[in-house]
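**Student:** Hey, dropping coords_31.csv in here, CSV, C-alpha atoms:
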```csv
chain,number,residue,atom,x,y,z
A,1,MET,CA,-28.2,25.4,-37.1
A,2,ASN,CA,-24.9,27.3,-37.6
A,3,THR,CA,-22.8,26.0,-34.8
A,4,TRP,CA,-19.0,25.3,-34.4
A,5,LYS,CA,-17.4,22.7,-32.1
A,6,ARG,CA,-13.8,22.5,-31.1
A,7,VAL,CA,-12.2,19.0,-31.4
A,8,LYS,CA,-10.0,18.7,-28.3
A,9,ARG,CA,-8.5,15.3,-28.7
A,10,LEU,CA,-5.6,15.8,-31.1
A,11,LEU,CA,-2.8,13.4,-31.8
A,12,PRO,CA,0.8,14.8,-32.1
A,13,ALA,CA,0.7,14.1,-35.8
A,14,ILE,CA,-2.5,16.1,-36.1
A,15,GLN,CA,-0.9,19.1,-34.4
A,16,LEU,CA,1.9,19.0,-36.9
A,17,LEU,CA,-0.6,18.9,-39.8
A,18,PHE,CA,-2.6,21.9,-38.7
A,19,TYR,CA,0.0,24.1,-36.9
A,20,PHE,CA,3.1,23.6,-39.1
A,21,TYR,CA,2.5,21.6,-42.2
A,22,TYR,CA,-0.9,22.6,-43.5
A,23,HIS,CA,0.1,25.4,-45.9
A,24,LEU,CA,2.6,23.0,-47.6
A,25,LEU,CA,0.2,20.3,-48.6
A,26,TYR,CA,-0.7,21.3,-52.2
A,27,ARG,CA,-4.0,19.5,-53.1
A,28,ARG,CA,-3.8,17.3,-50.0
A,29,GLY,CA,-4.8,20.3,-47.8
A,30,TYR,CA,-8.5,20.2,-49.0
A,31,GLY,CA,-9.3,16.9,-47.2
A,32,VAL,CA,-10.6,13.9,-49.1
A,33,LEU,CA,-14.1,12.7,-48.2
A,34,ALA,CA,-14.5,8.9,-48.2
A,35,CYS,CA,-16.4,6.5,-46.0
A,36,ASN,CA,-17.8,9.2,-43.8
A,37,SER,CA,-14.3,10.5,-43.0
A,38,LEU,CA,-12.1,13.3,-44.1
A,39,HIS,CA,-8.5,12.4,-45.0
A,40,TRP,CA,-5.1,14.2,-45.2
A,41,VAL,CA,-1.6,13.2,-46.0
A,42,LEU,CA,1.2,14.3,-43.7
A,43,PRO,CA,4.2,13.8,-46.0
A,44,ARG,CA,7.6,12.7,-44.8
A,45,ARG,CA,10.2,15.4,-44.3
A,46,PRO,CA,13.9,14.7,-43.4
A,47,GLY,CA,14.7,15.7,-39.9
A,48,LEU,CA,11.0,16.1,-38.9
A,49,ILE,CA,8.8,13.2,-40.1
A,50,ALA,CA,10.4,9.9,-41.0
A,51,PHE,CA,7.6,8.5,-43.1
A,52,ASN,CA,4.3,9.4,-44.7
A,53,THR,CA,1.1,9.4,-42.6
A,54,ILE,CA,-2.5,9.3,-43.5
A,55,ILE,CA,-4.8,11.1,-41.1
A,56,ARG,CA,-8.6,10.6,-40.9
A,57,PHE,CA,-11.3,12.6,-39.2
A,58,ASP,CA,-14.4,10.5,-38.5
A,59,LEU,CA,-17.4,12.8,-39.1
A,60,ALA,CA,-19.7,10.7,-37.0
A,61,ALA,CA,-17.4,10.1,-34.0
A,62,GLU,CA,-15.7,13.5,-34.4
A,63,GLU,CA,-12.3,12.0,-33.7
A,64,PHE,CA,-8.9,11.9,-35.5
A,65,GLU,CA,-7.1,8.7,-36.2
A,66,ILE,CA,-4.1,7.4,-38.1
A,67,LEU,CA,-5.0,5.3,-41.1
A,68,THR,CA,-2.7,2.4,-42.1
A,69,PHE,CA,-1.5,1.8,-45.6
A,70,PRO,CA,1.2,-0.4,-47.3
A,71,GLU,CA,4.6,0.0,-45.6
A,72,SER,CA,6.3,-0.1,-49.0
A,73,LEU,CA,4.8,3.3,-49.7
A,74,ALA,CA,5.8,4.9,-46.4
A,75,HIS,CA,8.8,6.7,-48.0
A,76,GLU,CA,7.3,7.4,-51.5
A,77,ASN,CA,5.8,10.6,-52.9
A,78,ILE,CA,2.1,10.0,-52.3
A,79,ASP,CA,-1.2,11.8,-52.6
A,80,ILE,CA,-4.7,10.6,-51.7
A,81,GLY,CA,-8.1,10.8,-53.5
A,82,VAL,CA,-11.3,8.9,-53.9
A,83,LEU,CA,-12.4,6.5,-56.6
A,84,GLU,CA,-16.0,5.1,-56.7
A,85,GLY,CA,-16.4,6.0,-53.0
A,86,CYS,CA,-13.2,4.2,-52.0
A,87,LEU,CA,-10.2,5.9,-50.6
A,88,CYS,CA,-7.3,5.7,-53.2
A,89,LEU,CA,-3.6,6.5,-53.0
A,90,MET,CA,-1.5,7.8,-55.8
A,91,CYS,CA,2.2,7.0,-55.7
A,92,ASN,CA,4.4,9.1,-58.0
A,93,ARG,CA,7.3,7.1,-59.4
A,94,GLU,CA,10.0,9.7,-60.0
A,95,PHE,CA,7.5,11.8,-61.9
A,96,THR,CA,7.5,9.3,-64.8
A,97,SER,CA,4.4,7.3,-63.8
A,98,VAL,CA,1.8,7.1,-61.1
A,99,ASP,CA,0.6,3.9,-59.4
A,100,VAL,CA,-3.0,4.0,-58.1
A,101,TRP,CA,-3.9,1.9,-55.1
A,102,VAL,CA,-7.5,1.5,-53.7
A,103,MET,CA,-8.6,0.6,-50.2
A,104,LYS,CA,-11.5,-1.8,-51.1
A,105,GLU,CA,-12.5,-2.4,-47.5
A,106,TYR,CA,-12.2,0.7,-45.4
A,107,LYS,CA,-9.8,0.6,-42.4
A,108,VAL,CA,-8.6,-2.9,-43.4
A,109,GLU,CA,-4.9,-2.6,-44.2
A,110,GLY,CA,-4.8,-5.8,-46.2
A,111,SER,CA,-7.5,-4.5,-48.5
A,112,TRP,CA,-5.2,-2.0,-50.3
A,113,SER,CA,-4.5,-3.2,-53.8
A,114,LYS,CA,-2.7,-1.6,-56.8
A,115,VAL,CA,-5.3,-1.3,-59.6
A,116,PHE,CA,-3.4,0.5,-62.4
A,117,SER,CA,-0.4,2.6,-63.3
A,118,VAL,CA,-0.6,5.7,-65.4
A,119,PRO,CA,2.5,6.8,-67.5
A,120,LYS,CA,3.5,10.4,-67.9
A,121,PRO,CA,1.5,12.0,-70.7
A,122,LYS,CA,3.6,13.2,-73.6
A,123,SER,CA,1.5,16.4,-73.7
A,124,VAL,CA,2.7,17.6,-70.3
A,125,GLU,CA,6.2,18.7,-69.3
A,126,SER,CA,5.9,17.7,-65.6
A,127,PHE,CA,3.9,15.0,-63.9
A,128,ASP,CA,3.7,16.6,-60.4
A,129,PHE,CA,0.1,15.7,-59.6
A,130,MET,CA,-2.4,13.1,-60.9
A,131,ARG,CA,-5.6,11.8,-59.5
A,132,PRO,CA,-8.3,9.5,-60.9
A,133,LEU,CA,-11.9,10.9,-61.0
A,134,LEU,CA,-14.2,8.1,-62.3
A,135,TYR,CA,-14.5,5.1,-64.5
A,136,SER,CA,-16.2,5.2,-67.9
A,137,LYS,CA,-19.6,3.4,-68.3
A,138,ASP,CA,-17.9,0.3,-69.8
A,139,ARG,CA,-15.1,0.5,-67.1
A,140,ARG,CA,-12.5,0.3,-69.8
A,141,LYS,CA,-11.2,3.8,-69.2
A,142,VAL,CA,-10.5,6.1,-66.2
A,143,LEU,CA,-10.9,9.9,-66.3
A,144,ILE,CA,-7.8,11.5,-64.7
A,145,GLU,CA,-6.8,15.0,-63.8
A,146,VAL,CA,-3.2,16.1,-64.3
A,147,ASN,CA,-1.5,19.0,-62.7
A,148,ASN,CA,-4.8,20.7,-61.9
A,149,ALA,CA,-4.9,21.7,-65.6
A,150,LYS,CA,-5.8,18.8,-67.9
A,151,LEU,CA,-8.4,16.1,-68.0
A,152,LEU,CA,-7.5,12.9,-69.8
A,153,TRP,CA,-9.1,9.5,-70.5
A,154,PHE,CA,-6.7,6.6,-69.6
A,155,ASP,CA,-7.4,3.4,-71.5
A,156,LEU,CA,-6.8,0.5,-69.0
A,157,GLY,CA,-6.2,-2.0,-71.9
A,158,SER,CA,-4.0,-0.1,-74.3
A,159,LYS,CA,-2.5,2.2,-71.7
A,160,ARG,CA,-3.1,5.1,-74.0
A,161,LEU,CA,-4.1,8.6,-72.9
A,162,ARG,CA,-6.5,10.9,-74.7
A,163,THR,CA,-7.2,14.5,-73.8
A,164,LEU,CA,-10.8,15.3,-72.9
A,165,ARG,CA,-11.9,18.5,-74.6
A,166,ILE,CA,-14.9,20.6,-73.4
A,167,LYS,CA,-16.6,22.8,-75.9
A,168,ASP,CA,-16.3,26.6,-75.3
A,169,CYS,CA,-13.9,26.0,-72.4
A,170,ASP,CA,-10.2,27.0,-72.1
A,171,SER,CA,-7.6,24.4,-72.7
A,172,SER,CA,-6.6,24.5,-69.1
A,173,TYR,CA,-9.1,23.5,-66.4
A,174,SER,CA,-9.4,21.3,-63.2
A,175,ALA,CA,-12.2,19.3,-61.7
A,176,GLU,CA,-13.8,18.9,-58.3
A,177,LEU,CA,-16.0,16.0,-57.0
A,178,LEU,CA,-19.4,17.1,-55.8
A,179,VAL,CA,-21.4,15.5,-53.0
A,180,SER,CA,-24.9,16.5,-52.1
A,181,SER,CA,-24.1,17.0,-48.4
A,182,LEU,CA,-21.0,16.6,-46.3
A,183,VAL,CA,-22.6,15.6,-43.1
A,184,LEU,CA,-26.3,15.2,-43.5
A,185,GLY,CA,-27.2,11.5,-43.0
A,186,CYS,CA,-23.6,10.6,-42.2
A,187,LYS,CA,-23.9,8.2,-39.4
A,188,GLY,CA,-20.8,6.0,-40.0
A,189,ASP,CA,-20.6,2.5,-38.6
A,190,PRO,CA,-23.2,2.3,-35.8
A,191,SER,CA,-21.4,-0.3,-33.8
A,192,GLU,CA,-18.1,1.6,-34.1
A,193,ALA,CA,-19.7,4.9,-33.1
A,194,LYS,CA,-21.3,3.2,-30.1
A,195,ARG,CA,-18.0,1.7,-28.9
A,196,ARG,CA,-16.4,5.1,-29.2
A,197,ARG,CA,-19.2,6.8,-27.2
A,198,GLU,CA,-18.8,4.2,-24.5
A,199,ARG,CA,-15.0,4.6,-24.5
A,200,ARG,CA,-15.3,8.4,-24.2
A,201,ALA,CA,-17.9,8.0,-21.4
A,202,LEU,CA,-15.5,5.7,-19.5
A,203,GLU,CA,-12.6,8.2,-20.0
A,204,ASP,CA,-14.7,11.1,-18.7
A,205,LYS,CA,-15.8,9.0,-15.7
A,206,MET,CA,-12.2,8.1,-14.9
A,207,MET,CA,-11.2,11.8,-15.1
A,208,GLN,CA,-14.1,12.8,-12.8
A,209,GLN,CA,-13.0,10.1,-10.3
A,210,ARG,CA,-9.4,11.3,-10.4
A,211,SER,CA,-10.5,14.9,-10.0
A,212,LYS,CA,-12.7,14.0,-7.0
A,213,ARG,CA,-9.9,12.0,-5.3
A,214,TRP,CA,-7.6,15.0,-5.8
A,215,ASP,CA,-10.2,17.4,-4.3
A,216,ASP,CA,-10.7,15.0,-1.3
A,217,PHE,CA,-7.0,14.9,-0.8
A,218,LEU,CA,-6.7,18.7,-0.8
A,219,SER,CA,-9.7,19.1,1.6
A,220,LYS,CA,-8.1,16.7,4.0
A,221,GLY,CA,-4.6,17.9,3.7
A,222,PHE,CA,-5.3,21.6,3.9
A,223,LYS,CA,-7.8,23.0,6.3
A,224,LEU,CA,-8.6,26.6,6.8
A,225,VAL,CA,-8.1,27.7,10.4
A,226,LEU,CA,-10.0,30.7,11.5
```
How would this structure read if it were set down as structure tokens?
**Tutor:**
Amino acid sequence: MNTWKRVKRLLPAIQLLFYFYYHLLYRRGYGVLACNSLHWVLPRRPGLIAFNTIIRFDLAAEEFEILTFPESLAHENIDIGVLEGCLCLMCNREFTSVDVWVMKEYKVEGSWSKVFSVPKPKSVESFDFMRPLLYSKDRRKVLIEVNNAKLLWFDLGSKRLRTLRIKDCDSSYSAELLVSSLVLGCKGDPSEAKRRRERRALEDKMMQQRSKRWDDFLSKGFKLVL
């Protein structure tokens, strides 16, 4: 069924993301799918946003939330991605290296851990963007994408980088992660979804009660005289 639904409950940070900041977000603007949620980075900007913020949209509950991450990275140059189904965070260190952090247990702030650091490849002039894609079968290497133009294998032991060449392809290319379906079968955490449904039902009930009290007040305070 081809239907659209408006999400009405928006946090102030979400409004900044979509009404002011969205066109500035480089690769972040695509939304990163991990753990049944889409994620964006709202980067810090002097005079407007004091620190980085990660925003998530729960596909099951259809709600936006702020996702916590290490405070030490709140003022760094960061991007987000996904590695082996886990949300990961890339911290660019003055464009000379990139630290990769992984959230091993979703929505648990203490589960963030730094897993490796990738130095700037000698074959690129700038190191503006890097994201890990997948581990090799022996888990000794990680395939990374650099500047939306190069694919390289990063050896976790030797810390060396080797360009991945694809036959009959141009020297410059990028990659996208493919999932079979974005929403089909996406139920999220059943207990969490139930709690949110109950909370929304309670909020709706309270709003109806307040509306009824207001209507009663108006009907008692103002009577039409014929």
**Student:** Using Å and a single decimal, report how far CA of Glu76 in chain A sits from CA of Trp153 in chain A.
**Tutor:**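 Taking CA of Trp153 in chain A as the start and CA of Glu76 in chain A as the end point, the length is 25.2 Å.
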**Student:** Smallest atom-to-atom distance to Cys86 in chain A: which of A:Val118, A:Val102, A:Leu156, A:Ile66, using all atoms listed in the file?
**Tutor:**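 Using all atoms listed in the file, the shortest distance to Cys86 in chain A belongs to A:Val102.
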**Student:** Write out as a VMD selection string which residues come within 6 Å of range 120-130 of chain A when counting all atoms listed in the file, dropping same-chain ones fewer than 6 positions away.
**Tutor:** chain A and resid 95 to 97 145 to 147
**Student:** Counting all atoms listed in the file, which residues have an atom no more than 9 Å from (-12.4, 8.2, -43.1) in the file's coordinates? Please list them as a list of chain:residue names.
**Tutor:** A:Val32, A:Leu33, A:Ala34, A:Cys35, A:Asn36, A:Ser37, A:Leu38, A:His39, A:Ile55, A:Arg56, A:Phe57, A:Asp58, A:Leu59, A:Glu65, A:Leu67, A:Leu87, A:Tyr106, A:Lys107
**Student:** For Tyr135 in chain A, which residue out of A:Val108, A:Leu73, A:Leu83, A:Val115 is the nearest one, using all atoms listed in the file?
**Tutor:**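 Answer, going by the shortest atom-to-atom distance: A:Leu83.
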**Student:** For CA of Lys167 in chain A and CA of Leu152 in chain A, determine how far apart the two atoms are, in Å to one decimal place.
**Tutor:**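 CA of Lys167 in chain A sits 14.8 Å away from CA of Leu152 in chain A.
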**Student:** Which residue gives the smallest distance to Glu105 in chain A among A:Ser117, A:Phe69, A:Ile78, A:Leu202, with all atoms listed in the file counted?
**Tutor:** A:Phe69
**Student:** Up to 8 Å from (-1.0, -0.4, -58.1) in the file's coordinates: name the residues, counting only C-alpha atoms, as a PyMOL selection string.
**Tutor:** chain A and resi 99-101+113-117
**Student:** Report, in Å to a single decimal, how far apart CA of Leu143 in chain A and CA of Leu164 in chain A are.
**Tutor:**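 Here the two named atoms are 8.5 Å from each other.
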**Student:** Can you tell me which residues surround Val7 in chain A at a distance of at most 10 Å, considering only C-alpha atoms, apart from same-chain residues fewer than 6 positions away, and format the answer as a CSV table (one decimal) with C-alpha atoms, in the coordinates of the input?
**Tutor:**
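Generated file (selection18.csv):
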```
chain,number,residue,atom,x,y,z
A,62,GLU,CA,-15.7,13.5,-34.4
A,63,GLU,CA,-12.3,12.0,-33.7
A,64,PHE,CA,-8.9,11.9,-35.5
```
